[in-house]
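Enquirer: What follows is structure19.cif, made up of mmCIF, C-alpha atoms and all ligand atoms:
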data_run
loop_
_atom_site.label_atom_id
_atom_site.label_comp_id
_atom_site.auth_asym_id
_atom_site.auth_seq_id
_atom_site.Cartn_x
_atom_site.Cartn_y
_atom_site.Cartn_z
CA MET A 231 -41.34 -91.50 -77.53
CA LEU A 232 -38.68 -93.91 -76.27
CA ALA A 233 -37.47 -92.03 -73.25
CA SER A 234 -38.20 -88.84 -71.39
CA VAL A 235 -36.66 -86.80 -68.63
CA VAL A 236 -38.92 -84.22 -67.03
CA ASN A 237 -37.58 -81.57 -64.71
CA ALA A 238 -34.95 -83.89 -63.28
CA THR A 239 -32.46 -82.76 -60.66
CA LYS A 240 -29.45 -84.57 -59.28
CA SER A 241 -26.87 -83.24 -56.85
CA PHE A 242 -23.71 -84.73 -55.46
CA GLY A 243 -23.23 -83.04 -52.10
CA ASN A 244 -23.26 -79.33 -52.86
CA THR A 245 -22.70 -79.83 -56.59
CA ALA A 246 -25.85 -79.60 -58.69
CA ALA A 247 -25.05 -81.91 -61.63
CA LEU A 248 -28.54 -81.57 -63.13
CA SER A 249 -30.81 -78.68 -62.32
CA GLY A 250 -34.29 -79.32 -63.70
CA ILE A 251 -33.37 -80.86 -67.03
CA ASN A 252 -35.89 -81.90 -69.70
CA LEU A 253 -35.23 -84.24 -72.61
CA ASP A 254 -37.33 -86.42 -74.93
CA ILE A 255 -35.82 -89.14 -77.09
CA HIS A 256 -37.85 -90.16 -80.13
CA ALA A 257 -37.75 -93.48 -81.97
CA GLY A 258 -35.33 -93.56 -84.89
CA GLU A 259 -33.34 -90.45 -84.06
CA ALA A 260 -29.64 -90.18 -83.37
CA LEU A 261 -29.34 -87.70 -80.56
CA GLY A 262 -25.95 -86.14 -79.94
CA LEU A 263 -25.40 -84.79 -76.44
CA LEU A 264 -22.82 -82.01 -76.26
CA GLY A 265 -21.55 -80.03 -73.32
CA PRO A 266 -18.32 -78.90 -71.69
CA ASN A 267 -16.63 -81.01 -69.00
CA GLY A 268 -18.83 -81.29 -65.95
CA ALA A 269 -21.98 -80.14 -67.80
CA GLY A 270 -23.94 -83.14 -66.55
CA LYS A 271 -23.93 -85.43 -69.61
CA SER A 272 -22.80 -88.59 -67.83
CA THR A 273 -25.15 -87.91 -64.93
CA LEU A 274 -28.07 -87.53 -67.34
CA ILE A 275 -27.11 -90.80 -69.01
CA SER A 276 -26.86 -92.55 -65.65
CA LEU A 277 -30.48 -91.54 -64.91
CA LEU A 278 -31.70 -92.75 -68.31
CA THR A 279 -29.90 -96.07 -68.01
CA GLY A 280 -31.07 -96.68 -64.45
CA LEU A 281 -27.64 -96.47 -62.82
CA ARG A 282 -28.71 -93.55 -60.63
CA ARG A 283 -32.01 -92.13 -59.45
CA ALA A 284 -33.00 -88.47 -59.86
CA ASP A 285 -33.41 -86.44 -56.66
CA SER A 286 -36.63 -85.03 -58.13
CA GLY A 287 -38.47 -85.06 -61.47
CA THR A 288 -39.35 -88.07 -63.60
CA VAL A 289 -37.33 -90.27 -65.90
CA GLU A 290 -38.97 -92.86 -68.15
CA LEU A 291 -37.46 -95.44 -70.47
CA PHE A 292 -39.89 -97.18 -72.83
CA GLY A 293 -42.72 -95.89 -70.64
CA ARG A 294 -41.29 -97.55 -67.52
CA SER A 295 -38.85 -96.74 -64.77
CA PRO A 296 -35.28 -97.18 -66.07
CA LEU A 297 -34.73 -99.42 -63.03
CA ASP A 298 -37.30 -101.91 -64.38
CA PRO A 299 -35.52 -104.94 -65.93
CA LYS A 300 -38.16 -105.02 -68.71
CA ALA A 301 -37.03 -101.55 -69.79
CA ARG A 302 -33.35 -102.35 -69.49
CA LEU A 303 -33.66 -105.44 -71.69
CA GLN A 304 -34.38 -103.11 -74.62
CA LEU A 305 -31.41 -100.88 -73.88
CA GLY A 306 -27.82 -101.26 -75.06
CA THR A 307 -25.16 -99.20 -73.39
CA THR A 308 -21.44 -98.61 -73.21
CA PRO A 309 -20.63 -96.43 -70.24
CA GLN A 310 -17.56 -94.22 -70.24
CA ALA A 311 -14.34 -96.05 -69.29
CA THR A 312 -15.69 -99.58 -68.91
CA SER A 313 -13.17 -102.38 -69.17
CA VAL A 314 -13.48 -105.85 -70.67
CA PRO A 315 -13.03 -109.07 -68.62
CA GLN A 316 -9.30 -109.73 -69.05
CA THR A 317 -9.27 -113.55 -68.98
CA LEU A 318 -12.47 -114.38 -70.89
CA LYS A 319 -12.15 -115.03 -74.60
CA LEU A 320 -13.96 -112.64 -76.93
CA ARG A 321 -16.38 -115.34 -78.04
CA GLU A 322 -17.14 -116.25 -74.41
CA THR A 323 -17.65 -112.60 -73.49
CA VAL A 324 -20.15 -112.04 -76.31
CA ASP A 325 -21.91 -115.36 -75.53
CA PHE A 326 -22.16 -114.38 -71.87
CA VAL A 327 -23.73 -110.99 -72.58
CA ALA A 328 -25.95 -112.46 -75.34
CA ALA A 329 -27.37 -114.99 -72.86
CA HIS A 330 -29.19 -112.16 -71.09
CA TYR A 331 -31.36 -111.34 -74.12
CA PRO A 332 -34.24 -113.18 -75.76
CA ASP A 333 -33.10 -112.73 -79.38
CA PRO A 334 -29.42 -111.82 -79.49
CA VAL A 335 -27.34 -111.24 -82.62
CA PRO A 336 -25.39 -114.50 -83.21
CA THR A 337 -21.89 -114.17 -81.74
CA ALA A 338 -20.05 -114.99 -84.99
CA GLU A 339 -22.12 -112.42 -86.90
CA LEU A 340 -21.50 -109.70 -84.33
CA LEU A 341 -17.75 -110.34 -84.18
CA ALA A 342 -17.59 -110.29 -87.99
CA ASP A 343 -19.52 -106.99 -88.13
CA PHE A 344 -16.98 -105.40 -85.83
CA GLY A 345 -13.94 -106.90 -87.54
CA LEU A 346 -13.13 -109.04 -84.51
CA SER A 347 -13.60 -112.57 -85.95
CA ASP A 348 -9.87 -113.29 -85.99
CA MET A 349 -9.70 -112.54 -82.29
CA ALA A 350 -12.69 -114.71 -81.26
CA GLU A 351 -10.58 -117.28 -79.41
CA LYS A 352 -8.20 -114.74 -77.83
CA GLN A 353 -8.56 -113.44 -74.30
CA CYS A 354 -10.03 -109.95 -74.04
CA GLY A 355 -6.92 -108.89 -72.12
CA ALA A 356 -4.96 -109.31 -75.36
CA LEU A 357 -6.99 -106.66 -77.19
CA SER A 358 -5.56 -103.27 -78.05
CA GLY A 359 -7.34 -100.22 -76.67
CA GLY A 360 -9.13 -99.67 -79.98
CA GLN A 361 -10.22 -103.30 -80.23
CA GLN A 362 -11.58 -103.12 -76.68
CA ARG A 363 -13.70 -100.10 -77.55
CA ARG A 364 -15.00 -101.97 -80.62
CA LEU A 365 -15.91 -104.96 -78.49
CA LEU A 366 -17.70 -102.77 -75.95
CA VAL A 367 -19.81 -101.12 -78.65
CA ALA A 368 -20.51 -104.57 -80.16
CA LEU A 369 -21.69 -105.73 -76.73
CA ALA A 370 -24.07 -102.75 -76.55
CA LEU A 371 -25.70 -104.02 -79.76
CA VAL A 372 -25.84 -107.76 -79.04
CA GLY A 373 -29.36 -107.74 -77.57
CA ARG A 374 -30.88 -105.92 -80.61
CA PRO A 375 -31.74 -102.94 -78.38
CA ARG A 376 -34.34 -100.32 -79.29
CA LEU A 377 -32.10 -97.62 -77.81
CA VAL A 378 -28.32 -97.55 -77.63
CA VAL A 379 -26.65 -95.12 -75.25
CA LEU A 380 -22.97 -94.51 -75.83
CA ASP A 381 -20.90 -92.24 -73.61
CA GLU A 382 -17.83 -91.15 -75.59
CA PRO A 383 -17.61 -94.42 -77.55
CA THR A 384 -14.61 -93.56 -79.69
CA THR A 385 -12.33 -91.73 -77.26
CA GLY A 386 -8.76 -92.76 -77.96
CA LEU A 387 -9.50 -94.41 -81.31
CA ASP A 388 -7.62 -93.56 -84.47
CA VAL A 389 -9.50 -92.07 -87.41
CA ASP A 390 -9.99 -95.40 -89.25
CA ALA A 391 -11.28 -97.22 -86.19
CA ARG A 392 -13.61 -94.36 -85.41
CA GLU A 393 -15.05 -94.31 -88.91
CA THR A 394 -15.60 -98.09 -88.84
CA LEU A 395 -17.57 -97.72 -85.63
CA TRP A 396 -19.60 -94.86 -87.08
CA GLN A 397 -20.55 -97.12 -90.01
CA ARG A 398 -21.76 -99.85 -87.63
CA LEU A 399 -23.80 -97.31 -85.70
CA GLU A 400 -25.28 -95.93 -88.93
CA GLU A 401 -26.29 -99.45 -89.93
CA TYR A 402 -27.89 -99.98 -86.54
CA ARG A 403 -29.87 -96.80 -87.05
CA ARG A 404 -30.87 -97.64 -90.61
CA GLY A 405 -32.27 -100.87 -89.18
CA GLY A 406 -34.65 -98.78 -87.05
CA GLY A 407 -32.47 -98.27 -83.96
CA THR A 408 -32.28 -95.13 -81.84
CA LEU A 409 -29.01 -93.68 -80.65
CA LEU A 410 -27.98 -91.39 -77.81
CA ILE A 411 -24.33 -90.48 -77.96
CA THR A 412 -22.02 -88.12 -76.13
CA SER A 413 -18.70 -87.17 -77.58
CA HIS A 414 -15.99 -84.59 -77.28
CA TYR A 415 -15.37 -85.01 -81.00
CA LEU A 416 -17.69 -82.55 -82.64
CA GLU A 417 -17.15 -84.16 -86.02
CA GLU A 418 -18.52 -87.36 -84.50
CA ILE A 419 -21.71 -85.58 -83.50
CA GLN A 420 -21.84 -83.93 -86.91
CA ALA A 421 -21.39 -87.31 -88.65
CA LEU A 422 -23.88 -89.28 -86.59
CA ALA A 423 -26.47 -87.04 -85.02
CA SER A 424 -29.82 -86.12 -86.52
CA ARG A 425 -30.44 -83.88 -83.51
CA VAL A 426 -28.08 -82.14 -81.15
CA VAL A 427 -28.77 -81.15 -77.57
CA VAL A 428 -26.26 -78.87 -75.88
CA ILE A 429 -26.24 -78.97 -72.10
CA ASP A 430 -24.37 -76.72 -69.73
CA ARG A 431 -24.53 -76.49 -65.95
CA GLY A 432 -27.16 -79.16 -65.73
CA THR A 433 -29.74 -77.73 -68.16
CA VAL A 434 -30.42 -77.80 -71.89
CA ILE A 435 -29.24 -74.61 -73.56
CA ALA A 436 -29.86 -75.56 -77.21
CA ASP A 437 -31.79 -78.28 -79.02
CA GLY A 438 -32.04 -78.73 -82.79
CA SER A 439 -30.41 -80.12 -85.92
CA VAL A 440 -26.71 -79.49 -86.49
CA ASP A 441 -27.69 -76.66 -88.86
CA GLU A 442 -30.09 -75.16 -86.35
CA ILE A 443 -27.48 -75.23 -83.59
CA ARG A 444 -25.08 -73.49 -85.95
CA SER A 445 -27.65 -70.88 -86.88
CA HIS A 446 -28.25 -70.09 -83.20
CA VAL A 447 -24.88 -68.50 -83.55
CA ALA A 448 -25.42 -66.26 -86.52
CA ILE A 449 -21.77 -65.87 -87.31
CA SER A 450 -19.93 -66.39 -90.59
CA LYS A 451 -16.38 -65.95 -91.69
CA VAL A 452 -15.52 -64.01 -94.84
CA SER A 453 -11.92 -64.57 -95.95
CA PHE A 454 -9.94 -62.97 -98.78
CA LYS A 455 -6.57 -61.53 -99.67
CA SER A 456 -6.13 -57.78 -99.83
CA GLN A 457 -3.44 -55.13 -99.29
CA LEU A 458 -5.44 -53.33 -96.60
CA PRO A 459 -4.83 -53.80 -92.87
CA ALA A 460 -7.34 -55.92 -90.94
CA SER A 461 -8.36 -52.88 -88.88
CA PHE A 462 -9.91 -51.37 -92.02
CA PHE A 463 -12.58 -54.11 -92.00
CA GLU A 464 -13.40 -53.94 -88.30
CA SER A 465 -15.68 -50.96 -88.90
CA PHE A 466 -17.74 -52.83 -91.53
CA PRO A 467 -21.43 -53.12 -90.68
CA GLN A 468 -22.14 -56.29 -88.65
CA ALA A 469 -18.42 -57.16 -88.41
CA VAL A 470 -17.41 -58.71 -85.10
CA SER A 471 -13.67 -58.90 -85.63
CA ALA A 472 -11.04 -58.97 -88.37
CA ALA A 473 -7.56 -60.45 -88.47
CA THR A 474 -4.91 -61.22 -91.06
CA SER A 475 -3.02 -64.53 -90.96
CA ALA A 476 0.71 -64.99 -91.56
CA LYS A 477 -0.16 -66.07 -95.09
CA GLY A 478 -1.82 -62.72 -95.71
CA ILE A 479 -5.41 -63.96 -95.61
CA THR A 480 -7.79 -61.58 -93.90
CA THR A 481 -10.77 -63.12 -92.12
CA VAL A 482 -13.70 -60.97 -91.10
CA VAL A 483 -15.99 -62.59 -88.55
CA THR A 484 -19.41 -61.15 -89.24
CA GLN A 485 -23.04 -61.45 -88.30
CA ASP A 486 -24.02 -60.81 -91.92
CA ALA A 487 -21.72 -62.23 -94.60
CA ASP A 488 -23.80 -60.72 -97.43
CA ALA A 489 -23.50 -57.22 -95.96
CA THR A 490 -19.74 -57.68 -95.55
CA VAL A 491 -19.26 -58.76 -99.16
CA ARG A 492 -21.45 -55.90 -100.44
CA GLN A 493 -19.37 -53.43 -98.43
CA LEU A 494 -16.14 -54.83 -99.89
CA VAL A 495 -17.49 -54.16 -103.36
CA ARG A 496 -18.98 -50.78 -102.44
CA ASP A 497 -15.63 -49.63 -101.01
CA GLY A 498 -13.84 -50.77 -104.15
CA VAL A 499 -11.54 -53.04 -102.12
CA GLU A 500 -9.22 -55.03 -104.34
CA PHE A 501 -9.61 -58.56 -103.01
CA SER A 502 -9.00 -62.08 -104.27
CA GLY A 503 -9.76 -65.64 -103.17
CA LEU A 504 -13.05 -64.72 -101.48
CA GLU A 505 -14.51 -67.50 -99.31
CA VAL A 506 -17.52 -67.46 -97.02
CA HIS A 507 -17.94 -70.07 -94.27
CA ALA A 508 -20.76 -70.62 -91.82
CA ALA A 509 -19.72 -71.07 -88.19
CA SER A 510 -18.69 -74.68 -87.56
CA LEU A 511 -20.52 -76.78 -85.01
CA GLU A 512 -17.49 -76.30 -82.79
CA GLU A 513 -17.67 -72.50 -83.01
CA ALA A 514 -21.40 -72.57 -82.35
CA PHE A 515 -20.89 -74.89 -79.39
CA LEU A 516 -18.15 -72.72 -77.92
CA ALA A 517 -20.15 -69.55 -78.42
CA LEU A 518 -23.24 -71.10 -76.81
CA THR A 519 -21.47 -72.51 -73.78
CA ARG A 520 -19.28 -69.43 -73.32
CA HIS A 521 -22.36 -67.26 -73.43
CA SER A 522 -24.14 -69.44 -70.92
CA SER A 523 -21.24 -69.46 -68.44
CA GLU A 524 -20.75 -65.69 -68.82
CA ALA A 525 -24.45 -65.20 -68.07
CA ALA A 526 -24.11 -67.40 -64.99
CA THR A 527 -21.06 -65.45 -63.83
CA GLU A 528 -22.94 -62.18 -64.35
CA THR A 529 -25.85 -63.50 -62.30
CA ALA A 530 -23.48 -64.63 -59.56
CA LYS A 531 -21.85 -61.18 -59.51
CA ASP A 532 -25.17 -59.39 -59.42
CA PRO A 533 -27.66 -61.46 -57.47
CA ALA A 534 -30.32 -58.76 -57.76
N1 LIG B 1 -20.06 -89.40 -58.18
C1 LIG B 1 -19.93 -88.08 -58.09
N2 LIG B 1 -19.61 -87.48 -56.93
C2 LIG B 1 -19.49 -86.14 -56.83
N3 LIG B 1 -19.67 -85.29 -57.86
C3 LIG B 1 -19.99 -85.82 -59.05
C4 LIG B 1 -20.13 -87.24 -59.24
N4 LIG B 1 -20.48 -87.45 -60.53
C5 LIG B 1 -20.51 -86.25 -61.13
N5 LIG B 1 -20.23 -85.26 -60.25
C6 LIG B 1 -20.21 -83.81 -60.53
O1 LIG B 1 -21.39 -83.48 -61.23
C7 LIG B 1 -21.13 -82.57 -62.30
C8 LIG B 1 -21.55 -83.18 -63.62
O2 LIG B 1 -20.69 -84.28 -63.92
P1 LIG B 1 -20.88 -85.21 -65.20
O3 LIG B 1 -19.90 -86.33 -65.08
O4 LIG B 1 -22.30 -85.56 -65.37
O5 LIG B 1 -20.44 -84.22 -66.38
P2 LIG B 1 -20.10 -84.54 -67.91
O6 LIG B 1 -20.85 -83.52 -68.70
O7 LIG B 1 -20.36 -85.96 -68.20
O8 LIG B 1 -18.56 -84.23 -67.96
P3 LIG B 1 -17.37 -84.86 -68.86
O9 LIG B 1 -17.54 -84.28 -70.22
O10 LIG B 1 -16.16 -84.34 -68.18
O11 LIG B 1 -17.50 -86.36 -68.83
C9 LIG B 1 -19.64 -82.26 -62.21
O12 LIG B 1 -19.50 -81.07 -61.47
C10 LIG B 1 -19.06 -83.43 -61.46
O13 LIG B 1 -17.93 -83.06 -60.73
#
Could you take the file, read its structure, and then write that structure out as structure tokens?
Ligand SMILES: Nc1ncnc2c1ncn2[C@@H]1O[C@H](COP(=O)(O)OP(=O)(O)OP(=O)(O)O)[C@@H](O)[C@H]1O

Expert:
Amino acid sequence: MLASVVNATKSFGNTAALSGINLDIHAGEALGLLGPNGAGKSTLISLLTGLRRADSGTVELFGRSPLDPKARLQLGTTPQATSVPQTLKLRETVDFVAAHYPDPVPTAELLADFGLSDMAEKQCGALSGGQQRRLLVALALVGRPRLVVLDEPTTGLDVDARETLWQRLEEYRRGGGTLLITSHYLEEIQALASRVVVIDRGTVIADGSVDEIRSHVAISKVSFKSQLPASFFESFPQAVSAATSAKGITTVVTQDADATVRQLVRDGVEFSGLEVHAASLEEAFLALTRHSSEAATETAKDPA
């Protein structure tokens, strides 16, 4: 195990950012951390990277305290909203960070990997927003870290730039690296993560592969064209809702797609263009976090 958080709490004044959270990070995995705004993701990362201390509980990084420089030497990180030194050249910036590590990636190689070779002699202040993000992720990798922690690494990047960064991160992982990443882009988590942890209100509410997280929310969508009104399908067994789009496509949200399709046939419904979709990661995520906040509201309303 590379890192562990056991029963950690962290409050800021009266706000409990983390309330007894547990998390293990295993070598070689790409762990995607998901959660709504304010769920506690950045706070959790700040404990793991030694930027803050937990109020209670234990946090270990490579079997040591995350505050121990020996642990931090094996860690690469790009915190949310970091900026680059405006007047240093790119090459100087990479050299400077590389000098902290025993066996850094050579500067020219790293800049080439991230498509920044042409900019090597330019000042960092001249970089576009997307190039800055690329440089920051490159800097997280310069020390050949065992674990890379990235808090929303591709926010604000266009699709091409994002996909280029994903490729670099995949290569890092194929080379034996471990990744912890938060993102508001669910397709990013879907593309990169081998395991997904959903946190809400400072605790873990789901932990599994992308498919497992989706299956927590046993919901599918059955779509087709028919002449019947959507309300006809609402009474189907296991149906949750039904609606017809402007294009005349009816979508039945159901807890059992097979039962819905069997019922269509049994009722002799004339349908065409049948499609069945599993819930997306986004739908699963929304359902999980909505459920968790509704439960919390219920508890607050009824303290008994
Ligand atoms: N320095 C701070 N001072 C006071 N409150 C804080 C501080 N840092 C975080 N919080 C509070 O702790 C809670 C968790 O915040 P955190 O930044 O960890 O969430 P997050 O999941 O990273 O959110 P986001 O997705 O918006 O980045 C929030 O209620 C936030 O307002």

Enquirer: So which one's closest to ligand LIG 1 (chain B), A:Ala284, A:Leu504, A:Ala247, A:Met231? Using all atoms listed in the file, please.

Expert: A:Ala247

Enquirer: Between A:Val389, A:Leu494, A:Ala508, A:Leu416, which residue has the minimum interatomic distance to Ser445 of chain A, considering all atoms listed in the file?

Expert: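 Nearest to Ser445 of chain A: A:Ala508.
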
Enquirer: Which residue out of A:Ala301, A:Val372, A:Ala246, A:Ile443 has the minimum interatomic distance to Leu511 of chain A when all atoms listed in the file are used?

Expert: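 Distance minimum relative to Leu511 of chain A lands on A:Ile443.
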
Enquirer: Would you write out, as CSV, a table of all residues in chain A that have an atom no more than 12 Å from an atom of ligand LIG 1 (chain B), listing for each the closest atom pair and the distance in Å to one decimal, considering only C-alpha atoms and all ligand atoms and ordering rows by chain and rising residue number?

Expert:
residue,atom,partner,partner_atom,distance
A:Thr239,CA,B:LIG1,O1,11.1
A:Lys240,CA,B:LIG1,O1,8.4
A:Ser241,CA,B:LIG1,O1,7.0
A:Phe242,CA,B:LIG1,C2,4.7
A:Gly243,CA,B:LIG1,C2,6.8
A:Asn244,CA,B:LIG1,N3,8.6
A:Thr245,CA,B:LIG1,O12,6.0
A:Ala246,CA,B:LIG1,O1,6.4
A:Ala247,CA,B:LIG1,O1,4.0
A:Leu248,CA,B:LIG1,C8,7.2
A:Ser249,CA,B:LIG1,C8,10.4
A:Leu263,CA,B:LIG1,O6,9.1
A:Leu264,CA,B:LIG1,O6,8.0
A:Gly265,CA,B:LIG1,O6,5.8
A:Pro266,CA,B:LIG1,O9,5.6
A:Asn267,CA,B:LIG1,O10,3.5
A:Gly268,CA,B:LIG1,O5,3.4
A:Ala269,CA,B:LIG1,O6,3.7
A:Gly270,CA,B:LIG1,O4,3.2
A:Lys271,CA,B:LIG1,O6,3.7
A:Ser272,CA,B:LIG1,O7,3.6
A:Thr273,CA,B:LIG1,O4,3.7
A:Leu274,CA,B:LIG1,O4,6.4
A:Ile275,CA,B:LIG1,O4,8.0
A:Ser276,CA,B:LIG1,O4,8.4
A:Leu277,CA,B:LIG1,O4,10.1
A:Leu281,CA,B:LIG1,N1,11.4
A:Arg282,CA,B:LIG1,N1,9.9
A:Pro309,CA,B:LIG1,O11,10.6
A:Gln310,CA,B:LIG1,O11,8.0
A:Ala311,CA,B:LIG1,O11,10.2
A:Leu380,CA,B:LIG1,O7,11.8
A:Asp381,CA,B:LIG1,O11,8.3
A:Glu382,CA,B:LIG1,O11,8.3
A:Pro383,CA,B:LIG1,O11,11.9
A:Thr385,CA,B:LIG1,O11,11.3
A:Ile411,CA,B:LIG1,O7,11.5
A:Thr412,CA,B:LIG1,O9,8.4
A:Ser413,CA,B:LIG1,O9,8.0
A:His414,CA,B:LIG1,O9,7.2
A:Tyr415,CA,B:LIG1,O9,11.0
A:Val428,CA,B:LIG1,O6,10.1
A:Ile429,CA,B:LIG1,O6,7.8
A:Asp430,CA,B:LIG1,O6,7.7
A:Arg431,CA,B:LIG1,C8,7.7
A:Gly432,CA,B:LIG1,C8,7.2
A:Thr433,CA,B:LIG1,O6,10.6
A:Val434,CA,B:LIG1,O6,11.6

Enquirer: Of the residues A:Leu278, A:Ala489, A:Leu422, A:Ala476, which is the one nearest to Lys455 of chain A, using only C-alpha atoms?

Expert: A:Ala476

Enquirer: Quick one: residues within 8 Å of (-29.7, -100.8, -79.6) (file frame), counting all atoms listed in the file, please, as a compact mmCIF listing (two decimals) with C-alpha atoms, keeping the file's coordinate frame.

Expert:
# COMPACT_ATOMS: atom_id res chain seq x y z
CA GLN A 304 -34.38 -103.11 -74.62
CA LEU A 305 -31.41 -100.88 -73.88
CA GLY A 306 -27.82 -101.26 -75.06
CA THR A 307 -25.16 -99.20 -73.39
CA ALA A 370 -24.07 -102.75 -76.55
CA LEU A 371 -25.70 -104.02 -79.76
CA VAL A 372 -25.84 -107.76 -79.04
CA GLY A 373 -29.36 -107.74 -77.57
CA ARG A 374 -30.88 -105.92 -80.61
CA PRO A 375 -31.74 -102.94 -78.38
CA ARG A 376 -34.34 -100.32 -79.29
CA LEU A 377 -32.10 -97.62 -77.81
CA VAL A 378 -28.32 -97.55 -77.63
CA VAL A 379 -26.65 -95.12 -75.25
CA TYR A 402 -27.89 -99.98 -86.54
CA GLY A 407 -32.47 -98.27 -83.96
CA THR A 408 -32.28 -95.13 -81.84
CA LEU A 409 -29.01 -93.68 -80.65

Enquirer: Quick check, in Å to one decimal: how far apart do atom CA of Leu346 of chain A and atom CA of Ser424 of chain A lie?

Expert: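 Interatomic distance here is 28.4 Å.
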
Enquirer: Could you work out how far atom CA of Ala517 of chain A lies from atom CA of Glu442 of chain A, giving the answer in Å with one decimal?

Expert: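 According to the coordinates, atom CA of Glu442 of chain A and atom CA of Ala517 of chain A are separated by 13.9 Å.
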
Enquirer: Which one of A:Phe454, A:Phe462, A:Asn237, A:Arg404 sits closest to Glu500 of chain A if you count only C-alpha atoms?

Expert: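 Smallest separation from Glu500 of chain A among the options: A:Phe454.
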
Enquirer: As a PyMOL selection string, please: the residues near segment 364-366 of chain A (cut-off 9 Å, all atoms listed in the file, same-chain neighbours under 2 positions excluded).

Expert: chain A and resi 307-308+312-314+320+324+341+344-346+354+359-362+368-371+383-384+391+395

Enquirer: Could you check how far atom CA of Ala448 of chain A sits from atom CA of Glu505 of chain A, in Å to one decimal?

Expert: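 Value for the atom CA of Ala448 of chain A-atom CA of Glu505 of chain A distance: 16.9 Å.
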
Enquirer: Residues at most 9 Å from Asp486 of chain A, counting all atoms listed in the file, excluding those fewer than 6 positions away in the same chain, as a PyMOL selection string?

Expert: chain A and resi 448-450+467-469

Enquirer: Determine the axis-aligned bounding box of all atoms of segment 403-409 of chain A present in the file, pad each side by 3 Å, and express its centre and edge lengths in Å to one decimal place as JSON.

Expert:
{"center_x": -31.8, "center_y": -97.3, "center_z": -85.6, "size_x": 11.6, "size_y": 13.2, "size_z": 16.0}

Enquirer: With distances taken over all atoms listed in the file, which of A:Arg363, A:Lys352, A:Arg398, A:Arg294 is nearest to Gly386 of chain A?

Expert: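 Ranked by minimum distance to Gly386 of chain A, first place goes to A:Arg363.
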
Enquirer: Please identify all polymer residues within 9 Å of Thr474 of chain A, counting all atoms listed in the file, omitting same-chain residues fewer than 3 positions from it, and present them as a count of residues only.

Expert: 9

Enquirer: What's around Gly293 of chain A at 12 Å? Count only C-alpha atoms, leave out sequence neighbours fewer than 5 positions away in its own chain, and write the answer as a list of chain:residue names.

Expert: A:Met231, A:Leu232, A:Ala233, A:Ser234, A:Val235, A:Asp254, A:Ile255, A:Leu278, A:Thr288, A:Asp298, A:Lys300, A:Ala301, A:Arg302, A:Gln304

Enquirer: Include C-alpha atoms and write out the residues we just selected as a short mmCIF file (atom, residue, chain, number, x, y, z; two decimals), in the coordinates of the input.

Expert:
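The new file again05.cif reads:
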data_model
loop_
_atom_site.label_atom_id
_atom_site.label_comp_id
_atom_site.auth_asym_id
_atom_site.auth_seq_id
_atom_site.Cartn_x
_atom_site.Cartn_y
_atom_site.Cartn_z
CA MET A 231 -41.34 -91.50 -77.53
CA LEU A 232 -38.68 -93.91 -76.27
CA ALA A 233 -37.47 -92.03 -73.25
CA SER A 234 -38.20 -88.84 -71.39
CA VAL A 235 -36.66 -86.80 -68.63
CA ASP A 254 -37.33 -86.42 -74.93
CA ILE A 255 -35.82 -89.14 -77.09
CA LEU A 278 -31.70 -92.75 -68.31
CA THR A 288 -39.35 -88.07 -63.60
CA ASP A 298 -37.30 -101.91 -64.38
CA LYS A 300 -38.16 -105.02 -68.71
CA ALA A 301 -37.03 -101.55 -69.79
CA ARG A 302 -33.35 -102.35 -69.49
CA GLN A 304 -34.38 -103.11 -74.62
#
